[in-house]
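Participant: File name my_file36.txt; file contents compact mmCIF, C-alpha atoms; full text below.
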```
# COMPACT_ATOMS: atom_id res chain seq x y z
CA MET A 1 0.00 0.00 0.00
CA SER A 2 3.05 2.26 -0.11
CA PHE A 3 2.49 5.79 -1.35
CA ILE A 4 4.76 8.78 -1.85
CA THR A 5 5.14 11.35 0.89
CA ARG A 6 5.15 14.83 -0.67
CA GLY A 7 8.57 16.42 -0.80
CA PHE A 8 10.53 13.42 0.46
CA THR A 9 13.45 12.47 -1.76
CA GLY A 10 15.78 10.82 0.73
CA ARG A 11 19.45 11.51 0.82
CA ARG A 12 21.31 8.69 2.52
CA ARG A 13 20.57 6.10 -0.13
CA ASP A 14 22.43 3.26 1.47
CA GLN A 15 23.08 1.10 -1.58
CA ASP A 16 24.44 -2.18 -0.40
CA ASP A 17 23.02 -5.58 -1.21
CA ARG A 18 24.03 -6.73 2.25
CA LEU A 19 21.35 -4.42 3.68
CA PRO A 20 17.95 -6.09 4.28
CA PRO A 21 14.74 -4.17 3.50
CA GLY A 22 13.82 -1.32 5.82
CA GLN A 23 17.32 -1.11 7.34
CA THR A 24 19.74 1.83 7.59
CA LEU A 25 23.50 1.58 8.01
CA VAL A 26 25.02 2.88 11.23
CA HIS A 27 28.59 3.01 12.37
CA ASP A 28 28.04 3.11 16.10
CA PHE A 29 26.40 0.34 18.06
CA PRO A 30 22.93 1.22 19.38
CA VAL A 31 21.65 -0.85 22.26
CA LEU A 32 18.26 -2.48 22.72
CA SER A 33 17.40 -3.60 26.21
CA ALA A 34 14.52 -3.52 28.63
CA GLY A 35 16.16 -2.93 32.00
CA PRO A 36 19.40 -2.21 33.81
CA THR A 37 22.53 -3.92 32.53
CA PRO A 38 23.30 -6.97 34.69
CA GLN A 39 26.84 -6.97 36.07
CA VAL A 40 28.06 -10.57 35.84
CA SER A 41 31.65 -11.44 36.76
CA THR A 42 33.41 -14.26 34.95
CA ASP A 43 33.96 -15.92 38.37
CA GLU A 44 30.24 -16.50 38.75
CA TRP A 45 29.41 -16.87 35.06
CA GLU A 46 28.39 -20.28 33.79
CA PHE A 47 26.74 -21.63 30.69
CA THR A 48 24.25 -24.47 30.75
CA ILE A 49 22.50 -26.55 28.13
CA ARG A 50 19.45 -28.21 29.60
CA SER A 51 17.20 -30.79 27.97
CA ALA A 52 14.90 -33.58 29.06
CA ALA A 53 17.94 -35.89 28.91
CA GLY A 54 20.01 -33.85 31.34
CA GLU A 55 22.32 -30.92 31.65
CA ARG A 56 25.76 -29.81 30.41
CA ARG A 57 27.47 -27.04 32.31
CA TRP A 58 30.63 -24.99 31.68
CA SER A 59 32.39 -22.55 33.98
CA TRP A 60 34.08 -19.53 32.37
CA ASP A 61 37.47 -21.30 32.43
CA GLU A 62 36.04 -24.51 30.98
CA PHE A 63 34.19 -22.54 28.33
CA ARG A 64 37.33 -20.66 27.30
CA GLN A 65 39.12 -23.95 26.64
CA LEU A 66 36.64 -24.91 23.92
CA GLU A 67 37.51 -24.29 20.28
CA ILE A 68 37.28 -20.56 19.56
CA GLU A 69 36.15 -19.23 16.20
CA ASP A 70 36.57 -15.76 14.69
CA ILE A 71 33.36 -14.50 13.16
CA ASP A 72 32.93 -11.66 10.64
CA VAL A 73 29.25 -10.88 10.17
CA ASP A 74 26.64 -8.20 9.45
CA ILE A 75 24.14 -7.49 12.21
CA HIS A 76 20.60 -6.20 11.84
CA CYS A 77 18.50 -4.68 14.65
CA VAL A 78 14.71 -4.69 14.51
CA THR A 79 14.84 -0.93 15.21
CA HIS A 80 16.01 -0.46 11.59
CA TRP A 81 19.76 -0.17 11.97
CA SER A 82 22.36 -2.49 10.49
CA LYS A 83 26.10 -2.66 10.99
CA LEU A 84 28.23 -4.44 8.42
CA GLY A 85 31.43 -6.40 8.91
CA THR A 86 31.44 -6.73 12.70
CA ARG A 87 34.11 -9.03 14.13
CA TRP A 88 33.52 -11.36 17.06
CA SER A 89 35.17 -14.31 18.76
CA GLY A 90 33.21 -17.10 20.35
CA VAL A 91 32.34 -20.76 20.61
CA SER A 92 30.11 -22.31 17.97
CA ILE A 93 26.79 -23.70 19.20
CA ASP A 94 27.74 -26.83 17.22
CA THR A 95 30.67 -27.30 19.61
CA LEU A 96 28.41 -26.83 22.62
CA LEU A 97 25.80 -29.24 21.27
CA ALA A 98 28.34 -31.88 20.15
CA ASP A 99 27.70 -34.18 23.12
CA VAL A 100 24.02 -33.33 23.51
CA ASP A 101 21.71 -35.97 22.17
CA THR A 102 18.26 -34.50 21.59
CA GLU A 103 15.21 -34.76 19.40
CA ASP A 104 14.03 -31.31 20.42
CA GLU A 105 13.69 -28.79 17.62
CA TYR A 106 13.57 -25.54 19.59
CA ALA A 107 15.64 -23.68 22.13
CA MET A 108 14.93 -20.97 24.68
CA ALA A 109 17.94 -18.77 25.38
CA HIS A 110 18.08 -17.66 29.02
CA SER A 111 20.03 -14.61 30.16
CA TYR A 112 21.26 -13.13 33.40
CA GLY A 113 18.70 -10.50 34.33
CA GLY A 114 15.81 -12.80 33.41
CA TYR A 115 15.38 -12.22 29.67
CA THR A 116 14.56 -15.05 27.32
CA THR A 117 14.28 -15.41 23.56
CA ASN A 118 13.23 -18.43 21.52
CA VAL A 119 15.18 -19.75 18.51
CA PRO A 120 14.62 -22.91 16.46
CA LEU A 121 17.57 -25.29 16.85
CA GLU A 122 18.06 -25.33 13.09
CA ASP A 123 18.87 -21.61 13.31
CA LEU A 124 21.55 -22.36 15.88
CA ARG A 125 23.25 -25.35 14.20
CA ASP A 126 25.58 -25.74 11.19
CA GLY A 127 27.84 -22.75 11.80
CA LYS A 128 25.03 -20.22 12.13
CA ALA A 129 25.32 -19.28 15.80
CA TRP A 130 27.87 -18.78 18.58
CA VAL A 131 28.29 -17.78 22.19
CA ALA A 132 30.51 -14.73 21.67
CA PHE A 133 32.74 -13.13 24.29
CA GLU A 134 34.86 -10.72 22.23
CA PHE A 135 33.83 -7.85 19.97
CA GLU A 136 36.40 -6.21 17.67
CA GLY A 137 39.21 -7.92 19.57
CA GLU A 138 38.16 -6.73 23.03
CA PRO A 139 36.25 -8.44 25.83
CA LEU A 140 32.53 -7.81 25.33
CA ASP A 141 31.25 -4.82 27.38
CA PRO A 142 28.40 -5.51 29.83
CA GLU A 143 26.37 -2.90 27.91
CA HIS A 144 26.70 -5.01 24.78
CA GLY A 145 26.00 -8.30 26.54
CA GLY A 146 29.24 -9.27 28.26
CA PRO A 147 30.68 -11.46 29.57
CA ALA A 148 29.07 -13.40 26.72
CA ARG A 149 26.11 -13.14 24.39
CA LEU A 150 24.43 -15.41 21.93
CA LEU A 151 25.29 -14.42 18.35
CA VAL A 152 22.74 -15.42 15.70
CA PRO A 153 23.55 -12.84 13.02
CA HIS A 154 21.15 -14.12 10.35
CA LEU A 155 18.21 -13.19 12.61
CA TYR A 156 17.30 -9.75 14.04
CA PHE A 157 19.70 -8.90 16.80
CA TRP A 158 17.33 -9.26 19.77
CA LYS A 159 17.68 -13.03 19.14
CA SER A 160 21.40 -12.62 19.92
CA ALA A 161 20.59 -12.70 23.62
CA LYS A 162 22.84 -10.51 25.75
CA TRP A 163 24.23 -11.83 29.07
CA ILE A 164 23.53 -15.39 27.98
CA ARG A 165 23.60 -18.07 30.67
CA GLY A 166 22.15 -21.05 28.90
CA LEU A 167 19.97 -22.80 26.36
CA GLU A 168 16.91 -24.84 27.25
CA LEU A 169 16.02 -27.37 24.55
CA LEU A 170 12.29 -27.76 23.96
CA PRO A 171 10.00 -29.88 21.77
CA ASP A 172 7.81 -26.88 20.89
CA ASP A 173 8.33 -23.22 19.98
CA GLU A 174 7.33 -20.92 22.83
CA PRO A 175 7.61 -17.11 22.83
CA GLY A 176 10.40 -15.66 24.96
CA PHE A 177 10.42 -12.29 26.74
CA TRP A 178 10.87 -10.15 23.64
CA GLU A 179 8.41 -12.20 21.63
CA GLN A 180 5.74 -11.91 24.35
CA ASN A 181 6.27 -8.17 24.12
CA GLY A 182 5.51 -7.85 20.46
CA TYR A 183 8.51 -9.10 18.51
CA HIS A 184 8.22 -11.82 15.90
CA LEU A 185 8.62 -15.49 16.88
CA HIS A 186 11.34 -16.06 14.26
CA GLY A 187 12.85 -12.71 13.19
CA ASP A 188 14.35 -13.12 9.70
CA PRO A 189 15.50 -9.62 8.57
CA TRP A 190 15.30 -10.54 4.89
CA LYS A 191 11.61 -11.30 5.32
CA GLU A 192 11.14 -8.32 7.67
CA GLU A 193 9.81 -10.59 10.41
CA ARG A 194 9.85 -7.72 12.92
CA TYR A 195 6.58 -7.88 14.81
CA TRP A 196 3.59 -10.14 15.08
CA MET B 1 10.72 -12.14 33.37
CA SER B 2 8.35 -12.80 36.21
CA GLU B 3 6.38 -9.59 35.78
CA VAL B 4 5.39 -10.34 32.22
CA THR B 5 1.78 -11.30 31.91
CA ALA B 6 -0.15 -11.99 28.77
CA ARG B 7 -2.30 -9.06 27.76
CA VAL B 8 -4.45 -8.38 24.77
CA LEU B 9 -2.55 -5.83 22.73
CA PRO B 10 -3.83 -3.53 20.03
CA ARG B 11 -3.12 -5.18 16.72
CA THR B 12 -0.02 -3.99 14.88
CA ALA B 13 -0.28 -3.08 11.19
CA TRP B 14 0.70 -0.50 8.57
CA HIS B 15 -1.61 2.48 8.43
CA ALA B 16 -1.95 5.56 6.23
CA ALA B 17 -1.55 8.70 8.32
CA GLU B 18 -2.53 12.26 7.45
CA VAL B 19 -0.70 15.15 9.06
CA VAL B 20 -3.08 17.33 11.06
CA GLU B 21 -0.53 19.76 12.43
CA VAL B 22 3.20 20.33 12.67
CA ARG B 23 4.35 22.87 15.21
CA ARG B 24 7.52 23.86 16.90
CA GLU B 25 7.97 22.04 20.21
CA THR B 26 11.44 23.39 21.07
CA PRO B 27 14.10 25.13 18.95
CA THR B 28 15.26 21.66 17.84
CA ALA B 29 12.08 19.60 17.84
CA ALA B 30 8.61 19.53 16.34
CA ARG B 31 5.31 18.21 17.57
CA ILE B 32 3.49 16.28 14.85
CA VAL B 33 -0.18 15.43 15.14
CA LEU B 34 -1.35 12.62 12.86
CA ASP B 35 -4.76 11.30 12.02
CA VAL B 36 -4.29 7.58 11.42
CA ALA B 37 -7.12 5.77 9.67
CA GLY B 38 -7.78 2.45 11.39
CA TRP B 39 -5.44 3.12 14.32
CA PRO B 40 -6.42 0.65 17.06
CA GLY B 41 -5.40 3.02 19.87
CA ASN B 42 -2.24 2.60 21.90
CA LEU B 43 -0.95 2.25 25.42
CA PRO B 44 1.15 5.03 26.96
CA GLY B 45 4.84 4.30 26.31
CA GLN B 46 4.47 2.48 22.99
CA HIS B 47 6.23 3.49 19.77
CA LEU B 48 5.66 3.25 16.04
CA ASP B 49 7.62 3.11 12.81
CA VAL B 50 7.31 5.96 10.29
CA ARG B 51 7.96 5.13 6.63
CA LEU B 52 8.58 7.78 3.99
CA THR B 53 8.58 6.90 0.30
CA ALA B 54 10.28 9.00 -2.41
CA PRO B 55 8.90 9.31 -5.97
CA ASP B 56 11.40 6.70 -7.21
CA GLY B 57 10.33 4.15 -4.60
CA TYR B 58 13.21 4.72 -2.17
CA THR B 59 12.02 4.41 1.41
CA ALA B 60 13.34 5.40 4.82
CA THR B 61 11.93 4.00 8.06
CA ARG B 62 12.53 5.22 11.61
CA SER B 63 11.06 4.42 15.02
CA TYR B 64 9.49 7.15 17.16
CA SER B 65 7.93 7.05 20.60
CA ILE B 66 4.29 8.10 20.78
CA ALA B 67 3.51 11.07 23.02
CA SER B 68 -0.21 10.25 23.23
CA SER B 69 -2.28 7.23 24.22
CA GLY B 70 -5.80 5.91 24.35
CA ASP B 71 -8.49 5.21 21.81
CA GLY B 72 -9.12 7.25 18.71
CA SER B 73 -7.30 7.90 15.49
CA GLN B 74 -5.18 10.86 16.59
CA VAL B 75 -1.52 10.13 17.34
CA VAL B 76 0.99 12.70 18.60
CA LEU B 77 4.73 12.48 18.00
CA ALA B 78 7.50 14.81 19.15
CA VAL B 79 10.53 14.51 16.91
CA ALA B 80 13.97 15.84 17.84
CA ARG B 81 16.28 16.96 15.08
CA VAL B 82 19.20 14.62 14.46
CA PRO B 83 21.89 16.81 12.88
CA ASP B 84 22.67 15.41 9.42
CA GLY B 85 19.76 13.02 9.81
CA GLU B 86 17.74 11.93 6.82
CA VAL B 87 14.28 11.69 8.32
CA SER B 88 14.02 14.02 11.33
CA PRO B 89 15.01 17.24 9.45
CA PHE B 90 12.42 16.36 6.79
CA LEU B 91 9.71 15.82 9.41
CA ILE B 92 10.60 19.05 11.24
CA ASP B 93 11.29 21.37 8.27
CA GLU B 94 9.25 20.04 5.36
CA LEU B 95 6.22 18.19 6.64
CA ARG B 96 2.96 20.15 6.80
CA ALA B 97 -0.75 19.65 7.40
CA GLY B 98 -2.39 17.48 4.75
CA ASP B 99 0.74 15.47 3.92
CA ARG B 100 0.49 11.70 4.12
CA LEU B 101 2.95 9.14 5.41
CA GLU B 102 2.83 5.55 6.60
CA VAL B 103 3.03 4.36 10.19
CA HIS B 104 3.37 0.85 11.59
CA GLY B 105 2.25 0.16 15.10
CA PRO B 106 1.56 0.41 17.89
CA LEU B 107 4.76 -1.37 18.94
CA GLY B 108 6.23 -2.60 22.20
CA ALA B 109 4.42 -4.05 25.16
CA TYR B 110 6.95 -3.74 27.99
CA PHE B 111 7.75 -0.04 28.25
CA VAL B 112 4.09 0.77 28.95
CA TRP B 113 1.95 1.77 31.91
CA HIS B 114 -1.55 0.69 32.82
CA ALA B 115 -3.64 3.10 34.88
CA PRO B 116 -5.48 1.55 37.84
CA VAL B 117 -8.97 0.70 36.65
CA ASP B 118 -10.96 2.41 39.38
CA GLY B 119 -9.03 5.66 39.74
CA GLY B 120 -7.38 4.19 42.82
CA SER B 121 -3.70 4.11 43.63
CA GLY B 122 -1.34 1.79 41.79
CA ARG B 123 2.32 1.17 42.49
CA PRO B 124 4.18 4.54 42.60
CA VAL B 125 5.64 5.55 39.26
CA GLN B 126 9.00 7.27 38.81
CA LEU B 127 9.79 8.65 35.36
CA ILE B 128 13.38 9.66 34.51
CA ALA B 129 13.97 11.36 31.17
CA GLY B 130 17.07 12.48 29.32
CA GLY B 131 16.36 15.03 26.56
CA SER B 132 13.92 13.80 23.91
CA GLY B 133 13.61 10.57 25.93
CA VAL B 134 10.81 12.36 27.71
CA VAL B 135 8.35 11.58 24.88
CA PRO B 136 7.08 8.14 25.99
CA LEU B 137 7.30 9.26 29.63
CA PHE B 138 5.09 12.24 28.85
CA ALA B 139 2.58 9.81 27.32
CA ILE B 140 2.60 7.87 30.61
CA ALA B 141 2.29 11.04 32.71
CA GLN B 142 -0.55 12.38 30.56
CA ALA B 143 -2.40 9.04 30.78
CA HIS B 144 -2.16 9.33 34.55
CA ILE B 145 -3.44 12.92 34.51
CA ASP B 146 -6.30 11.92 32.21
CA ALA B 147 -7.19 8.91 34.36
CA ALA B 148 -7.00 11.16 37.46
CA ASP B 149 -5.97 8.13 39.47
CA ALA B 150 -4.35 8.37 42.89
CA THR B 151 -1.04 6.73 41.95
CA PRO B 152 1.94 8.75 43.26
CA PHE B 153 3.89 10.03 40.23
CA ARG B 154 7.23 11.78 39.87
CA LEU B 155 9.24 12.90 36.86
CA LEU B 156 12.93 13.74 36.89
CA TYR B 157 13.81 15.37 33.57
CA SER B 158 17.36 16.14 32.45
CA VAL B 159 17.33 18.79 29.74
CA ARG B 160 19.80 21.33 28.33
CA THR B 161 17.91 24.56 29.00
CA PRO B 162 14.35 25.64 29.90
CA ASP B 163 13.74 26.27 26.18
CA ASP B 164 14.44 22.61 25.42
CA VAL B 165 11.70 21.23 27.67
CA PHE B 166 9.17 19.18 25.65
CA PHE B 167 5.50 19.56 26.61
CA ALA B 168 6.44 22.39 28.96
CA GLU B 169 2.92 23.77 29.31
CA GLU B 170 1.33 20.39 29.85
CA LEU B 171 3.92 19.41 32.46
CA GLU B 172 3.48 22.69 34.29
CA ALA B 173 -0.30 22.28 34.30
CA ALA B 174 0.06 18.69 35.52
CA ALA B 175 2.32 19.74 38.38
CA LYS B 176 -0.22 22.39 39.47
CA GLY B 177 -3.28 20.21 39.01
CA PRO B 178 -5.17 18.02 41.48
CA VAL B 179 -3.76 14.68 40.28
CA PRO B 180 -0.58 13.57 42.12
CA PHE B 181 2.37 14.56 39.93
CA VAL B 182 5.70 16.14 40.83
CA ALA B 183 8.25 17.23 38.21
CA ASP B 184 11.91 18.02 38.89
CA TYR B 185 14.33 19.29 36.29
CA VAL B 186 18.08 18.91 35.88
CA TYR B 187 19.39 21.65 33.57
CA THR B 188 22.66 20.64 31.97
CA ARG B 189 23.55 23.94 30.21
CA ARG B 190 21.37 26.79 31.50
CA ALA B 191 18.82 26.93 34.31
CA PRO B 192 15.93 29.36 34.70
CA ALA B 193 16.57 32.40 36.90
CA GLY B 194 16.24 31.54 40.53
CA ALA B 195 16.72 27.79 40.13
CA ASP B 196 17.82 26.03 43.32
CA GLU B 197 20.06 23.43 41.76
CA PRO B 198 23.35 24.11 39.98
CA VAL B 199 23.63 23.66 36.22
CA GLY B 200 25.30 20.43 35.20
CA ARG B 201 24.90 16.80 34.37
CA ILE B 202 22.64 14.57 36.41
CA THR B 203 24.34 13.03 39.43
CA ARG B 204 23.70 10.02 41.60
CA GLU B 205 22.98 12.39 44.51
CA ARG B 206 20.35 14.25 42.50
CA VAL B 207 18.72 10.99 41.44
CA ALA B 208 18.67 9.83 45.07
CA ALA B 209 17.22 13.15 46.28
CA ALA B 210 14.61 13.78 43.58
CA THR B 211 13.06 10.33 43.02
CA PHE B 212 10.98 7.82 44.97
CA GLY B 213 13.33 5.68 47.03
CA PRO B 214 13.44 1.90 46.82
CA GLU B 215 11.42 1.60 50.06
CA SER B 216 8.33 2.86 48.24
CA GLU B 217 8.87 0.16 45.57
CA PRO B 218 8.17 2.36 42.56
CA LEU B 219 7.96 1.17 39.01
CA VAL B 220 10.73 3.17 37.31
CA TYR B 221 10.80 4.12 33.63
CA VAL B 222 14.06 5.52 32.25
CA CYS B 223 14.36 6.83 28.69
CA GLY B 224 17.10 8.76 26.93
CA ALA B 225 20.38 8.31 25.10
CA THR B 226 22.23 5.07 25.81
CA GLY B 227 24.89 6.63 28.06
CA PHE B 228 22.25 8.43 30.15
CA VAL B 229 20.10 5.35 30.57
CA GLU B 230 23.05 3.11 31.36
CA GLN B 231 24.29 5.51 34.06
CA VAL B 232 20.92 6.22 35.67
CA ALA B 233 19.85 2.56 35.71
CA THR B 234 23.15 1.55 37.33
CA TRP B 235 22.66 4.19 40.06
CA LEU B 236 19.09 3.02 40.66
CA VAL B 237 20.27 -0.56 41.20
CA ASP B 238 23.04 0.71 43.52
CA LEU B 239 20.46 2.72 45.47
CA GLY B 240 18.57 -0.51 46.14
CA HIS B 241 15.85 -0.62 43.50
CA ASP B 242 14.81 -4.06 42.27
CA PRO B 243 16.29 -4.38 38.74
CA ARG B 244 13.04 -5.98 37.61
CA ALA B 245 11.17 -2.79 38.55
CA ILE B 246 13.34 -0.64 36.25
CA ARG B 247 12.22 -0.41 32.64
CA THR B 248 14.53 1.24 30.15
CA GLU B 249 14.33 2.52 26.61
CA ARG B 250 17.32 3.94 24.77
CA TYR B 251 17.63 6.17 21.77
CA GLY B 252 20.33 5.21 19.28
CA GLY B 253 22.38 7.58 17.17
CA THR B 254 20.25 7.54 14.05
```
Please render this file's structure as structure tokens.

Facilitator:
Amino acid sequence: MSFITRGFTGRRRDQDDRLPPGQTLVHDFPVLSAGPTPQVSTDEWEFTIRSAAGERRWSWDEFRQLEIEDIDVDIHCVTHWSKLGTRWSGVSIDTLLADVDTEDEYAMAHSYGGYTTNVPLEDLRDGKAWVAFEFEGEPLDPEHGGPARLLVPHLYFWKSAKWIRGLELLPDDEPGFWEQNGYHLHGDPWKEERYW
Amino acid sequence: MSEVTARVLPRTAWHAAEVVEVRRETPTAARIVLDVAGWPGNLPGQHLDVRLTAPDGYTATRSYSIASSGDGSQVVLAVARVPDGEVSPFLIDELRAGDRLEVHGPLGAYFVWHAPVDGGSGRPVQLIAGGSGVVPLFAIAQAHIDAADATPFRLLYSVRTPDDVFFAEELEAAAKGPVPFVADYVYTRRAPAGADEPVGRITRERVAAATFGPESEPLVYVCGATGFVEQVATWLVDLGHDPRAIRTERYGGT
């Protein structure tokens, strides 16, 4: 139903085929969050994968001994900004799921501070998602999700849960915190799955 | 989070909006009144997306907080100029009554306030605004004034100068009116003559002195630029507020 707004010509004209529809390039790093930033020290930090079959748990030191990957990706926020070519380091979800035997098809990401977001397991497997703890070569700031955040760059960035503390594997898709508050269950930026 | 409960939300969709009025809000911001056909109404604190389309099909979309709430098709925005921005200078300088644009919303279900149903007293509400971050907080304050409920309300508003205060007349009327509402201002560049507090950035001491303390268990809404929100929310947690009672919204650089 789009129509022209009188007098608007636009002047930024971000022409880049890496930019999904409705997105604008930014060079800083805007933040989306719903409450105060949790302060989590690496001494108390742990990461857990929980399923009906049991639980896998890593301390910060154990987690840092896993295979580390360098990731160079574009990120897209539902609030219409995108940032191209961001560099991260983290552990692939494939590595974390290697010893987890499950038939579940969905995951709920749980964060320090109480936030949750739901992601299908197929969006987390096969080199598509990480638990990241460095951004541009530096430890991840608490403001940007440190000590560690989920990184699922092919989905809108709220799915890349800040202050991640674990994944809960589930047989069914259930809305997390952001999704209960209006954001889309899946969140593919190329399909503009912003809101429900 | 534990406080999240399922609610029936107004349905989100794209709508055609006609500009009713554009007027100067401050030297660097405009108030824009829209008439939105089919608008389902919105809760105080929600936002919407504005989409502008150029003759060649190029579009630009930005999110703006809504300064109004309730039923009806009229929606009020207050847009601050982003220097070198693509959309805000157009909205402030070019847009005029009768123009049409598209809006998508209402959006967001967490940074909202629900007035007590019977005009009684709900949990105290503390609003803390930095600059144009006052917009969704004004919507919440105005909803409270309109509901005339007994909920204790306070606003702490950090702003450059008295000329930069958004909704200055409405806030002054609210503070003088019969509904409980107290407003305090932190002037960062220039204060009005006779102001009690020194000019300068907001401090932890000022936040502690001019807001409801944790013992009254207020629901706290903080909105502004990222650095402002990050700092204020950290102080609130240090002062003993329950992190789950602090709701934040941040404005990015675009």

Participant: Record the distance separating atom CA of A:Glu174 and atom CA of A:Lys159, expressed in Å with one decimal.

Facilitator: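 Pair atom CA of A:Glu174 / atom CA of A:Lys159 returns 13.5 Å.
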
Participant: For a quick check of understanding, using all atoms listed in the file, which of B:Gly72, B:Pro27, B:Pro218, B:Pro89 has the smallest distance to chain A?

Facilitator: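 Selected residue with least distance to chain A: B:Pro89.
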
Participant: Find the residues with any atom within 12 Å of (37.1, -21.3, 33.3); use only C-alpha atoms and the coordinates as given in the file, and write the answer as a VMD selection string.

Facilitator: chain A and resid 41 to 47 57 to 66

Participant: Output as a list in words the set of chain A residues within 7 Å of chain B, with distances taken over all atoms listed in the file.

Facilitator: Phe3, Ile4, Thr5, Arg6, Phe8, Thr9, Gly10, Arg11, Arg12, Gly22, Pro30, Val31, Leu32, Ser33, Ala34, Gly35, Pro36, Thr79, His80, Gly114, Tyr115, Phe177, Asn181 and Gly182 of chain A

Participant: Can you pull out the residues contacting A:Leu124? Cut-off 9 Å, using only C-alpha atoms, and skip same-chain residues under 2 positions away; I want them as a PyMOL selection string.

Facilitator: chain A and resi 92-94+107+119-122+126-130+152

Participant: Would you mind exporting the chosen residues as a JSON list (two decimals), keeping the file's coordinate frame, restricted to C-alpha atoms?

Facilitator:
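Result written to result.json:
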```json
[["chain", "number", "residue", "atom", "x", "y", "z"],
["A", 92, "SER", "CA", 30.11, -22.31, 17.97],
["A", 93, "ILE", "CA", 26.79, -23.70, 19.20],
["A", 94, "ASP", "CA", 27.74, -26.83, 17.22],
["A", 107, "ALA", "CA", 15.64, -23.68, 22.13],
["A", 119, "VAL", "CA", 15.18, -19.75, 18.51],
["A", 120, "PRO", "CA", 14.62, -22.91, 16.46],
["A", 121, "LEU", "CA", 17.57, -25.29, 16.85],
["A", 122, "GLU", "CA", 18.06, -25.33, 13.09],
["A", 126, "ASP", "CA", 25.58, -25.74, 11.19],
["A", 127, "GLY", "CA", 27.84, -22.75, 11.80],
["A", 128, "LYS", "CA", 25.03, -20.22, 12.13],
["A", 129, "ALA", "CA", 25.32, -19.28, 15.80],
["A", 130, "TRP", "CA", 27.87, -18.78, 18.58],
["A", 152, "VAL", "CA", 22.74, -15.42, 15.70]]
```

Participant: Tell me, in Å to one decimal, how far atom CA of B:Leu171 is from atom CA of B:Leu155.

Facilitator: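 Atom CA of B:Leu155 lies at a distance of 9.5 Å from atom CA of B:Leu171.
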
Participant: Given all atoms listed in the file as the basis, pick out the residue of B:Val22, B:Val103, B:Ala139, B:Ala30 nearest to B:Ser69.

Facilitator: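 Result for the nearest residue to B:Ser69: B:Ala139.
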
Participant: Could you list as a CSV table (one decimal) with C-alpha atoms, keeping the file's coordinate frame every residue that has an atom within 12 Å of (21.0, 11.3, 42.6), using the file's coordinates and counting all atoms listed in the file?

Facilitator:
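Produced file selection33.csv, reproduced below:
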```
chain,number,residue,atom,x,y,z
B,128,ILE,CA,13.4,9.7,34.5
B,156,LEU,CA,12.9,13.7,36.9
B,158,SER,CA,17.4,16.1,32.4
B,184,ASP,CA,11.9,18.0,38.9
B,186,VAL,CA,18.1,18.9,35.9
B,201,ARG,CA,24.9,16.8,34.4
B,202,ILE,CA,22.6,14.6,36.4
B,203,THR,CA,24.3,13.0,39.4
B,204,ARG,CA,23.7,10.0,41.6
B,205,GLU,CA,23.0,12.4,44.5
B,206,ARG,CA,20.4,14.2,42.5
B,207,VAL,CA,18.7,11.0,41.4
B,208,ALA,CA,18.7,9.8,45.1
B,209,ALA,CA,17.2,13.2,46.3
B,210,ALA,CA,14.6,13.8,43.6
B,211,THR,CA,13.1,10.3,43.0
B,212,PHE,CA,11.0,7.8,45.0
B,213,GLY,CA,13.3,5.7,47.0
B,231,GLN,CA,24.3,5.5,34.1
B,232,VAL,CA,20.9,6.2,35.7
B,233,ALA,CA,19.8,2.6,35.7
B,234,THR,CA,23.2,1.6,37.3
B,235,TRP,CA,22.7,4.2,40.1
B,236,LEU,CA,19.1,3.0,40.7
B,237,VAL,CA,20.3,-0.6,41.2
B,238,ASP,CA,23.0,0.7,43.5
B,239,LEU,CA,20.5,2.7,45.5
```
